[in-house]
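Participant: Input file: work_9.json. Contents: JSON, C-alpha atoms.
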```json
[["chain", "number", "residue", "atom", "x", "y", "z"],
["A", 1264, "MET", "CA", 145.68, -84.05, -96.16],
["A", 1265, "ASP", "CA", 144.64, -83.73, -92.53],
["A", 1266, "LEU", "CA", 142.69, -86.82, -91.46],
["A", 1267, "ASN", "CA", 141.96, -85.53, -87.94],
["A", 1268, "VAL", "CA", 139.48, -82.84, -88.96],
["A", 1269, "GLY", "CA", 136.44, -84.43, -87.28],
["A", 1270, "GLY", "CA", 138.30, -86.08, -84.42],
["A", 1271, "GLY", "CA", 137.74, -83.24, -81.98],
["A", 1272, "LEU", "CA", 134.06, -83.01, -82.79],
["A", 1273, "ILE", "CA", 133.54, -86.76, -82.41],
["A", 1274, "GLY", "CA", 135.41, -86.71, -79.10],
["A", 1275, "LEU", "CA", 133.25, -83.84, -77.87],
["A", 1276, "ILE", "CA", 130.07, -85.72, -78.82],
["A", 1277, "VAL", "CA", 131.27, -88.87, -77.02],
["A", 1278, "LEU", "CA", 132.13, -86.78, -73.95],
["A", 1279, "ALA", "CA", 128.70, -85.11, -73.93],
["A", 1280, "LEU", "CA", 126.92, -88.48, -74.31],
["A", 1281, "SER", "CA", 129.05, -89.98, -71.55],
["A", 1282, "ILE", "CA", 128.17, -87.15, -69.18],
["A", 1283, "TYR", "CA", 124.47, -87.53, -70.07],
["A", 1284, "ALA", "CA", 124.61, -91.28, -69.42],
["A", 1285, "ILE", "CA", 126.42, -90.88, -66.10],
["A", 1286, "ILE", "CA", 123.89, -88.31, -64.90],
["A", 1287, "ASN", "CA", 121.04, -90.65, -65.82],
["A", 1288, "ILE", "CA", 122.76, -93.55, -64.09],
["A", 1289, "VAL", "CA", 123.30, -91.60, -60.88],
["A", 1290, "GLN", "CA", 119.66, -90.43, -60.88],
["A", 1291, "SER", "CA", 118.27, -93.92, -61.51],
["A", 1292, "GLY", "CA", 116.69, -96.05, -58.83],
["A", 1293, "SER", "CA", 119.23, -98.84, -59.26],
["A", 1294, "SER", "CA", 121.39, -100.15, -56.44],
["A", 1295, "THR", "CA", 124.64, -98.38, -55.64],
["A", 1296, "GLY", "CA", 126.69, -101.33, -56.88],
["A", 1297, "ALA", "CA", 124.92, -101.35, -60.24],
["A", 1298, "LYS", "CA", 125.42, -97.59, -60.59],
["A", 1299, "VAL", "CA", 129.14, -97.90, -59.87],
["A", 1300, "LEU", "CA", 129.55, -100.73, -62.38],
["A", 1301, "TRP", "CA", 127.70, -98.83, -65.13],
["A", 1302, "VAL", "CA", 129.71, -95.64, -64.54],
["A", 1303, "LEU", "CA", 133.01, -97.55, -64.55],
["A", 1304, "PHE", "CA", 132.00, -99.37, -67.72],
["A", 1305, "ILE", "CA", 131.23, -96.11, -69.50],
["A", 1306, "LEU", "CA", 134.45, -94.48, -68.28],
["A", 1307, "ILE", "CA", 136.68, -97.43, -69.25],
["A", 1308, "VAL", "CA", 135.18, -98.13, -72.70],
["A", 1309, "PRO", "CA", 133.21, -95.00, -73.61],
["A", 1310, "VAL", "CA", 131.80, -95.84, -77.04],
["A", 1311, "ILE", "CA", 131.01, -99.49, -76.36],
["A", 1312, "GLY", "CA", 129.83, -98.62, -72.85],
["A", 1313, "LEU", "CA", 127.40, -96.01, -74.18],
["A", 1314, "ILE", "CA", 125.98, -98.43, -76.74],
["A", 1315, "VAL", "CA", 125.53, -101.21, -74.17],
["A", 1316, "TRP", "CA", 124.03, -98.77, -71.64],
["A", 1317, "PHE", "CA", 121.59, -97.45, -74.24],
["A", 1318, "ILE", "CA", 120.45, -101.00, -75.09],
["A", 1319, "ALA", "CA", 120.59, -102.73, -71.69],
["A", 1320, "GLY", "CA", 120.65, -99.96, -69.11],
["A", 1321, "PRO", "CA", 117.83, -99.11, -66.73],
["A", 1322, "LYS", "CA", 114.77, -97.71, -68.47],
["A", 1323, "GLY", "CA", 112.78, -94.89, -66.92],
["A", 1324, "ASN", "CA", 113.10, -95.80, -63.25],
["A", 1325, "LYS", "CA", 114.30, -92.42, -62.02],
["A", 1326, "ALA", "CA", 114.55, -91.89, -58.29],
["A", 1327, "THR", "CA", 111.97, -89.50, -56.97],
["A", 1328, "ALA", "CA", 113.41, -87.00, -54.57]]
```
Step by step, read the file and then write its structure as structure tokens.
Facilitator:
Amino acid sequence: MDLNVGGGLIGLIVLALSIYAIINIVQSGSSTGAKVLWVLFILIVPVIGLIVWFIAGPKGNKATA
């Protein structure tokens, strides 16, 4: 029995969510240092980083350009 059937799909979902989070982080009005730390956190520990970012990340303060 192949146990890796959904592994590719789960990985693709995590990748898409990571890209979405990084785009939102870069567009936020936070300081450059905070942006770098959030992006590194999401890249180093993707699943945990996404969960923590979703709970504690900046809310709705997009930069207006």
Participant: Rounded to one decimal in Å, what is the spacing between CA of Asn1287 in chain A and CA of Phe1317 in chain A?
Facilitator: 10.8 Å
Participant: At a cut-off of 12 Å, using only C-alpha atoms, what residues contact range 1301-1307 of chain A? Leave out same-chain residues fewer than 3 positions from it and give the result as a PDB file with C-alpha atoms, in the coordinates of the input.
Facilitator:
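Result went into result_24.pdb, see below:
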```pdb
ATOM      1  CA  VAL A1277     131.270 -88.870 -77.020  1.00  0.00           C
ATOM      2  CA  LEU A1278     132.130 -86.780 -73.950  1.00  0.00           C
ATOM      3  CA  LEU A1280     126.920 -88.480 -74.310  1.00  0.00           C
ATOM      4  CA  SER A1281     129.050 -89.980 -71.550  1.00  0.00           C
ATOM      5  CA  ILE A1282     128.170 -87.150 -69.180  1.00  0.00           C
ATOM      6  CA  TYR A1283     124.470 -87.530 -70.070  1.00  0.00           C
ATOM      7  CA  ALA A1284     124.610 -91.280 -69.420  1.00  0.00           C
ATOM      8  CA  ILE A1285     126.420 -90.880 -66.100  1.00  0.00           C
ATOM      9  CA  ILE A1286     123.890 -88.310 -64.900  1.00  0.00           C
ATOM     10  CA  ASN A1287     121.040 -90.650 -65.820  1.00  0.00           C
ATOM     11  CA  ILE A1288     122.760 -93.550 -64.090  1.00  0.00           C
ATOM     12  CA  VAL A1289     123.300 -91.600 -60.880  1.00  0.00           C
ATOM     13  CA  GLN A1290     119.660 -90.430 -60.880  1.00  0.00           C
ATOM     14  CA  SER A1291     118.270 -93.920 -61.510  1.00  0.00           C
ATOM     15  CA  SER A1293     119.230 -98.840 -59.260  1.00  0.00           C
ATOM     16  CA  SER A1294     121.390-100.150 -56.440  1.00  0.00           C
ATOM     17  CA  THR A1295     124.640 -98.380 -55.640  1.00  0.00           C
ATOM     18  CA  GLY A1296     126.690-101.330 -56.880  1.00  0.00           C
ATOM     19  CA  ALA A1297     124.920-101.350 -60.240  1.00  0.00           C
ATOM     20  CA  LYS A1298     125.420 -97.590 -60.590  1.00  0.00           C
ATOM     21  CA  VAL A1310     131.800 -95.840 -77.040  1.00  0.00           C
ATOM     22  CA  ILE A1311     131.010 -99.490 -76.360  1.00  0.00           C
ATOM     23  CA  GLY A1312     129.830 -98.620 -72.850  1.00  0.00           C
ATOM     24  CA  LEU A1313     127.400 -96.010 -74.180  1.00  0.00           C
ATOM     25  CA  ILE A1314     125.980 -98.430 -76.740  1.00  0.00           C
ATOM     26  CA  VAL A1315     125.530-101.210 -74.170  1.00  0.00           C
ATOM     27  CA  TRP A1316     124.030 -98.770 -71.640  1.00  0.00           C
ATOM     28  CA  PHE A1317     121.590 -97.450 -74.240  1.00  0.00           C
ATOM     29  CA  ALA A1319     120.590-102.730 -71.690  1.00  0.00           C
ATOM     30  CA  GLY A1320     120.650 -99.960 -69.110  1.00  0.00           C
ATOM     31  CA  PRO A1321     117.830 -99.110 -66.730  1.00  0.00           C
TER      32      PRO A1321
END
```
Participant: Quick one: 4 Å padding each side, axis-aligned, all listed atoms of range 1276-1282 of chain A - centre and edge lengths in Å to one decimal, as lines of an AutoDock Vina configuration file?
Facilitator:
```
center_x = 129.5
center_y = -87.5
center_z = -74.0
size_x = 13.2
size_y = 12.9
size_z = 17.6
```
